[in-house]
Amino acid sequence: MTCVGLAKTYPGGVQALRPIDVTFAEGQTTALVGPSGCGKSTLLRLVAGLEQPSAGEVRIAGLPPAGQARQGALAVAFQDPSLLPWLSVRGNVALARKLARQPADPVLVEDLIGLVGLDGFADTRPAALSGGMRQRAAIARALATRPRILLLDEPFGAVDELTRQQLARDLPPLWQPRGTTTLLVTHSVPEAVMLSDRVLVLSPRPARIMADIAVPLQRPRGAALPESAAFRAIAAQVTAALALSDAENTPLAAQ
Ligand SMILES: Nc1ncnc2c1ncn2[C@@H]1O[C@H](COP(=O)(O)OP(=O)(O)OP(=O)(O)O)[C@@H](O)[C@H]1O
């Protein structure tokens with residue numbers, strides 16, 4: 001997946017993204033971190049085909065993103081999960097396959113619901129779930145089509161800290177062995193390092209890539225990994241790059 005000269009200025013003149021050139025290797029997970037409002041979600045929405053670029057383009061296996069989403073090859077789980085209120089968790093997860101015209105796979109649907117920790121809530125409707133549970137349902141839904149590209153925008157934002165850490169350990173094995181290319185927006189440095197093969201640190205708005213940091217830590221990654229020297233060294237690198245990015249913050253960029 002490649003972004004070539006990808007830039008976005010919103011109607012009204014807010015420049016969110018400077019022209020960005022970046023290639024995401026197949027099967028890799030990349031975390032996007034940067035100051036609030038810098039343009040991380042904009043980049044994700046452009047890659048998802050939910051937003052049109054002002055310049056440049058996104059290519060996924062040589063094609064624009066829109067067609068990929070329709071075929072279920074590209075899936076998103078965003079911070080505010082848009083689950084259908086009249087369907088149960090199971091119904092929402094299963095619907096993703098139907099919309100992508102993939103055959104029903106009840107076993108996969110049950111497996112995913114269990115893996116995100118919603119066993120016992122498969123028949124529950126979104127209104128009766130907590131925010132964190134809805135986010136987990138959205139992750140299960142995103143994985144239901146076995147996408148090649150997975151876009152996660154602060155997917156654990158409403159999840160408590162312990163569950164967050166558990167999801168950061170348990171979820172990557174769901175997509176990594178399948179060669180899924182994953183982009184993850186997060187505000188948490190430990191989460192970025194735990195989940196990814198690469199961390200991109202973005203500048204204040206309009207975003208550009210300030211640092212491109214490799215995360216060559218072995219998988220699977222266990223609960224003790226954040227205590228290791230290797231993990232801490234990478235986290236320190238990301239934190240230092242974020243501090244540099246913050247230092248660039250002008251009153252204009254902070255608006
Ligand atoms: N639809 C829109 N119309 C106009 N401006 C927008 C729109 N969406 C986002 N913006 C602006 O573009 C800039 C980047 O927003 P974006 O949501 O991409 O940032 P972000 O890095 O994801 O922020 P956060 O970390 O706070 O979620 C912000 O100044 C925002 O106000």
# chains A, B, ... in the order shown; residues from 1 in each chain; ligands from 1
>>> closest_atom_pairs(of="chain A", to="ligand 1", cutoff="6 Å", atoms="only C-alpha atoms and all ligand atoms", output="CSV")
residue,atom,partner,partner_atom_place_in_ligand_line,distance
A:Tyr10,CA,ligand 1,4 (C),4.9
A:Val14,CA,ligand 1,5 (N),5.6
A:Ala16,CA,ligand 1,12 (O),4.7
A:Ser36,CA,ligand 1,25 (O),3.6
A:Gly37,CA,ligand 1,23 (O),3.2
A:Cys38,CA,ligand 1,21 (O),3.9
A:Gly39,CA,ligand 1,18 (O),3.2
A:Lys40,CA,ligand 1,21 (O),3.8
A:Ser41,CA,ligand 1,22 (O),3.6
A:Thr42,CA,ligand 1,18 (O),3.6
>>> residues_around(residues="Leu195 (chain A)", least_positions_apart="4", cutoff="9 Å", atoms="only C-alpha atoms", output="MDAnalysis selection string")
chainID A and resid 29:31 168:169 171:172 184 190:191 221
>>> select_by_dssp(residues="region 116-223 of chain A", states="alpha helix (DSSP H)", output="PyMOL selection string")
chain A and resi 131-143+161-170+172-175+189-195
>>> write_last_selection(atoms="C-alpha atoms", output="CSV table (one decimal), in the first residue's frame")
chain,number,residue,atom,x,y,z
A,131,GLY,CA,-18.2,2.1,25.2
A,132,GLY,CA,-15.3,-0.3,25.5
A,133,MET,CA,-17.4,-3.3,24.6
A,134,ARG,CA,-18.8,-1.5,21.6
A,135,GLN,CA,-15.2,-0.8,20.4
A,136,ARG,CA,-14.3,-4.5,20.8
A,137,ALA,CA,-17.4,-5.5,18.8
A,138,ALA,CA,-16.2,-3.1,16.1
A,139,ILE,CA,-12.8,-4.7,16.0
A,140,ALA,CA,-14.5,-8.2,15.7
A,141,ARG,CA,-16.6,-6.8,12.9
A,142,ALA,CA,-13.6,-5.3,11.1
A,143,LEU,CA,-11.8,-8.7,11.3
A,161,GLU,CA,-6.2,0.2,31.0
A,162,LEU,CA,-6.0,-3.5,31.9
A,163,THR,CA,-8.3,-4.6,29.0
A,164,ARG,CA,-6.3,-2.3,26.7
A,165,GLN,CA,-3.1,-4.0,27.6
A,166,GLN,CA,-4.7,-7.4,27.2
A,167,LEU,CA,-6.1,-6.5,23.8
A,168,ALA,CA,-2.7,-5.1,22.7
A,169,ARG,CA,-1.3,-8.6,23.4
A,170,ASP,CA,-4.2,-10.8,22.2
A,172,PRO,CA,-2.3,-8.8,16.8
A,173,PRO,CA,-2.1,-12.7,16.5
A,174,LEU,CA,-5.6,-12.4,14.9
A,175,TRP,CA,-4.4,-10.4,11.9
A,189,VAL,CA,3.5,5.1,23.2
A,190,PRO,CA,3.5,1.7,24.9
A,191,GLU,CA,0.5,0.6,22.8
A,192,ALA,CA,2.2,1.8,19.6
A,193,VAL,CA,5.4,-0.1,20.4
A,194,MET,CA,3.5,-3.2,21.6
A,195,LEU,CA,1.4,-3.5,18.5
>>> residues_around(residues="Val89 (chain A)", least_positions_apart="3", cutoff="7 Å", atoms="only C-alpha atoms", output="ChimeraX atom specification")
/A:92-93,121-126,137
>>> residues_around(residues="Asp21 (chain A)", least_positions_apart="4", cutoff="7 Å", atoms="only C-alpha atoms", output="number ranges by chain")
A: 3-6
>>> write_last_selection(atoms="C-alpha atoms", output="PDB file, in the first residue's frame")
ATOM      1  CA  CYS A   3       0.681   7.003  -0.555  1.00  0.00           C
ATOM      2  CA  VAL A   4       2.146   9.249  -3.229  1.00  0.00           C
ATOM      3  CA  GLY A   5       2.134  13.014  -2.680  1.00  0.00           C
ATOM      4  CA  LEU A   6      -0.958  12.489  -0.533  1.00  0.00           C
TER       5      LEU A   6
END
>>> residues_around(residues="region 70-77 of chain A", least_positions_apart="2", cutoff="8 Å", atoms="only C-alpha atoms", output="PyMOL selection string")
chain A and resi 48+65-68+79+81+96-97+99-101+135+138-139+142-143+145-153+155
>>> write_last_selection(atoms="C-alpha atoms", output="PDB file, in the first residue's frame")
ATOM      1  CA  ALA A  48      -9.857   4.101   3.793  1.00  0.00           C
ATOM      2  CA  PRO A  65      -9.146   2.278  -1.803  1.00  0.00           C
ATOM      3  CA  ALA A  66     -12.888   2.493  -2.562  1.00  0.00           C
ATOM      4  CA  GLY A  67     -13.186  -0.821  -4.413  1.00  0.00           C
ATOM      5  CA  GLN A  68     -11.145  -2.616  -1.745  1.00  0.00           C
ATOM      6  CA  GLN A  79     -13.033   5.347  17.826  1.00  0.00           C
ATOM      7  CA  PRO A  81     -17.968   2.527  16.344  1.00  0.00           C
ATOM      8  CA  ALA A  96     -19.769  -7.311   7.578  1.00  0.00           C
ATOM      9  CA  ARG A  97     -19.359 -10.522   5.583  1.00  0.00           C
ATOM     10  CA  LEU A  99     -22.059  -6.561   2.877  1.00  0.00           C
ATOM     11  CA  ALA A 100     -18.758  -7.722   1.376  1.00  0.00           C
ATOM     12  CA  ARG A 101     -20.653 -10.533  -0.395  1.00  0.00           C
ATOM     13  CA  GLN A 135     -15.201  -0.809  20.430  1.00  0.00           C
ATOM     14  CA  ALA A 138     -16.235  -3.060  16.113  1.00  0.00           C
ATOM     15  CA  ILE A 139     -12.819  -4.748  16.049  1.00  0.00           C
ATOM     16  CA  ALA A 142     -13.550  -5.325  11.141  1.00  0.00           C
ATOM     17  CA  LEU A 143     -11.829  -8.712  11.255  1.00  0.00           C
ATOM     18  CA  THR A 145     -14.047 -10.260   6.357  1.00  0.00           C
ATOM     19  CA  ARG A 146     -10.419 -11.318   6.931  1.00  0.00           C
ATOM     20  CA  PRO A 147      -9.285  -7.998   5.436  1.00  0.00           C
ATOM     21  CA  ARG A 148      -5.913  -7.475   3.775  1.00  0.00           C
ATOM     22  CA  ILE A 149      -5.856  -3.910   5.083  1.00  0.00           C
ATOM     23  CA  LEU A 150      -7.004  -3.084   8.595  1.00  0.00           C
ATOM     24  CA  LEU A 151      -7.330   0.527   9.773  1.00  0.00           C
ATOM     25  CA  LEU A 152      -7.714   1.135  13.505  1.00  0.00           C
ATOM     26  CA  ASP A 153      -8.313   4.681  14.762  1.00  0.00           C
ATOM     27  CA  PRO A 155      -9.701   1.460  18.728  1.00  0.00           C
TER      28      PRO A 155
END
>>> select_by_dssp(residues="region 3-247 of chain A", states="strand (DSSP E or B)", output="ChimeraX atom specification")
/A:3-9,15-23,29-33,55-60,63,74-77,149-153,181-185,198-202,207,209-214
>>> write_last_selection(atoms="C-alpha atoms", output="short mmCIF file (atom, residue, chain, number, x, y, z; two decimals), in the first residue's frame")
data_model
loop_
_atom_site.label_atom_id
_atom_site.label_comp_id
_atom_site.auth_asym_id
_atom_site.auth_seq_id
_atom_site.Cartn_x
_atom_site.Cartn_y
_atom_site.Cartn_z
CA CYS A 3 0.68 7.00 -0.55
CA VAL A 4 2.15 9.25 -3.23
CA GLY A 5 2.13 13.01 -2.68
CA LEU A 6 -0.96 12.49 -0.53
CA ALA A 7 -2.24 15.81 0.81
CA LYS A 8 -5.47 17.12 2.30
CA THR A 9 -6.84 20.61 2.75
CA GLN A 15 -4.59 22.10 5.76
CA ALA A 16 -4.47 18.75 7.58
CA LEU A 17 -1.82 16.87 5.62
CA ARG A 18 1.22 18.03 3.68
CA PRO A 19 2.14 15.93 0.65
CA ILE A 20 3.16 12.58 2.14
CA ASP A 21 5.05 9.78 0.41
CA VAL A 22 5.06 6.51 2.29
CA THR A 23 4.86 2.80 1.56
CA THR A 29 1.55 -3.05 11.44
CA THR A 30 2.37 0.65 11.51
CA ALA A 31 1.39 2.93 14.39
CA LEU A 32 0.72 6.62 13.69
CA VAL A 33 1.38 8.92 16.63
CA ALA A 55 -3.57 16.06 -4.12
CA GLY A 56 -1.79 12.78 -4.63
CA GLU A 57 -3.23 9.30 -4.26
CA VAL A 58 -3.44 6.09 -2.27
CA ARG A 59 -2.80 2.80 -4.07
CA ILE A 60 -3.59 -0.58 -2.60
CA LEU A 63 -6.03 0.15 -7.03
CA LEU A 74 -10.17 -3.18 3.63
CA ALA A 75 -11.80 -2.83 7.03
CA VAL A 76 -11.92 -0.05 9.61
CA ALA A 77 -12.54 0.15 13.34
CA ILE A 149 -5.86 -3.91 5.08
CA LEU A 150 -7.00 -3.08 8.60
CA LEU A 151 -7.33 0.53 9.77
CA LEU A 152 -7.71 1.13 13.51
CA ASP A 153 -8.31 4.68 14.76
CA THR A 181 -1.38 -4.73 6.61
CA THR A 182 -2.49 -2.67 9.61
CA LEU A 183 -2.44 1.06 10.34
CA LEU A 184 -3.18 2.07 13.90
CA VAL A 185 -3.69 5.57 15.29
CA ARG A 198 7.01 0.50 12.75
CA VAL A 199 6.02 3.79 14.36
CA LEU A 200 5.55 6.96 12.31
CA VAL A 201 5.71 10.15 14.37
CA LEU A 202 3.82 13.00 12.72
CA ALA A 207 1.15 16.60 9.29
CA ILE A 209 6.39 12.33 8.84
CA MET A 210 8.96 13.51 11.41
CA ALA A 211 10.35 10.13 12.43
CA ASP A 212 10.11 6.60 11.09
CA ILE A 213 11.06 4.17 13.87
CA ALA A 214 11.41 0.41 13.40
#
>>> closest_residue(among="A:Thr2, A:Ala247, A:Leu44, A:Arg219", to="Glu154 (chain A)", atoms="only C-alpha atoms")
A:Leu44
>>> atom_distance(atom1="CA of Ala128 (chain A)", atom2="CA of Ala158 (chain A)")
15.1 Å
>>> atom_distance(atom1="CA of Ala69 (chain A)", atom2="CA of Ala104 (chain A)")
17.7 Å
>>> atom_distance(atom1="CA of Gly62 (chain A)", atom2="CA of Leu46 (chain A)")
15.5 Å
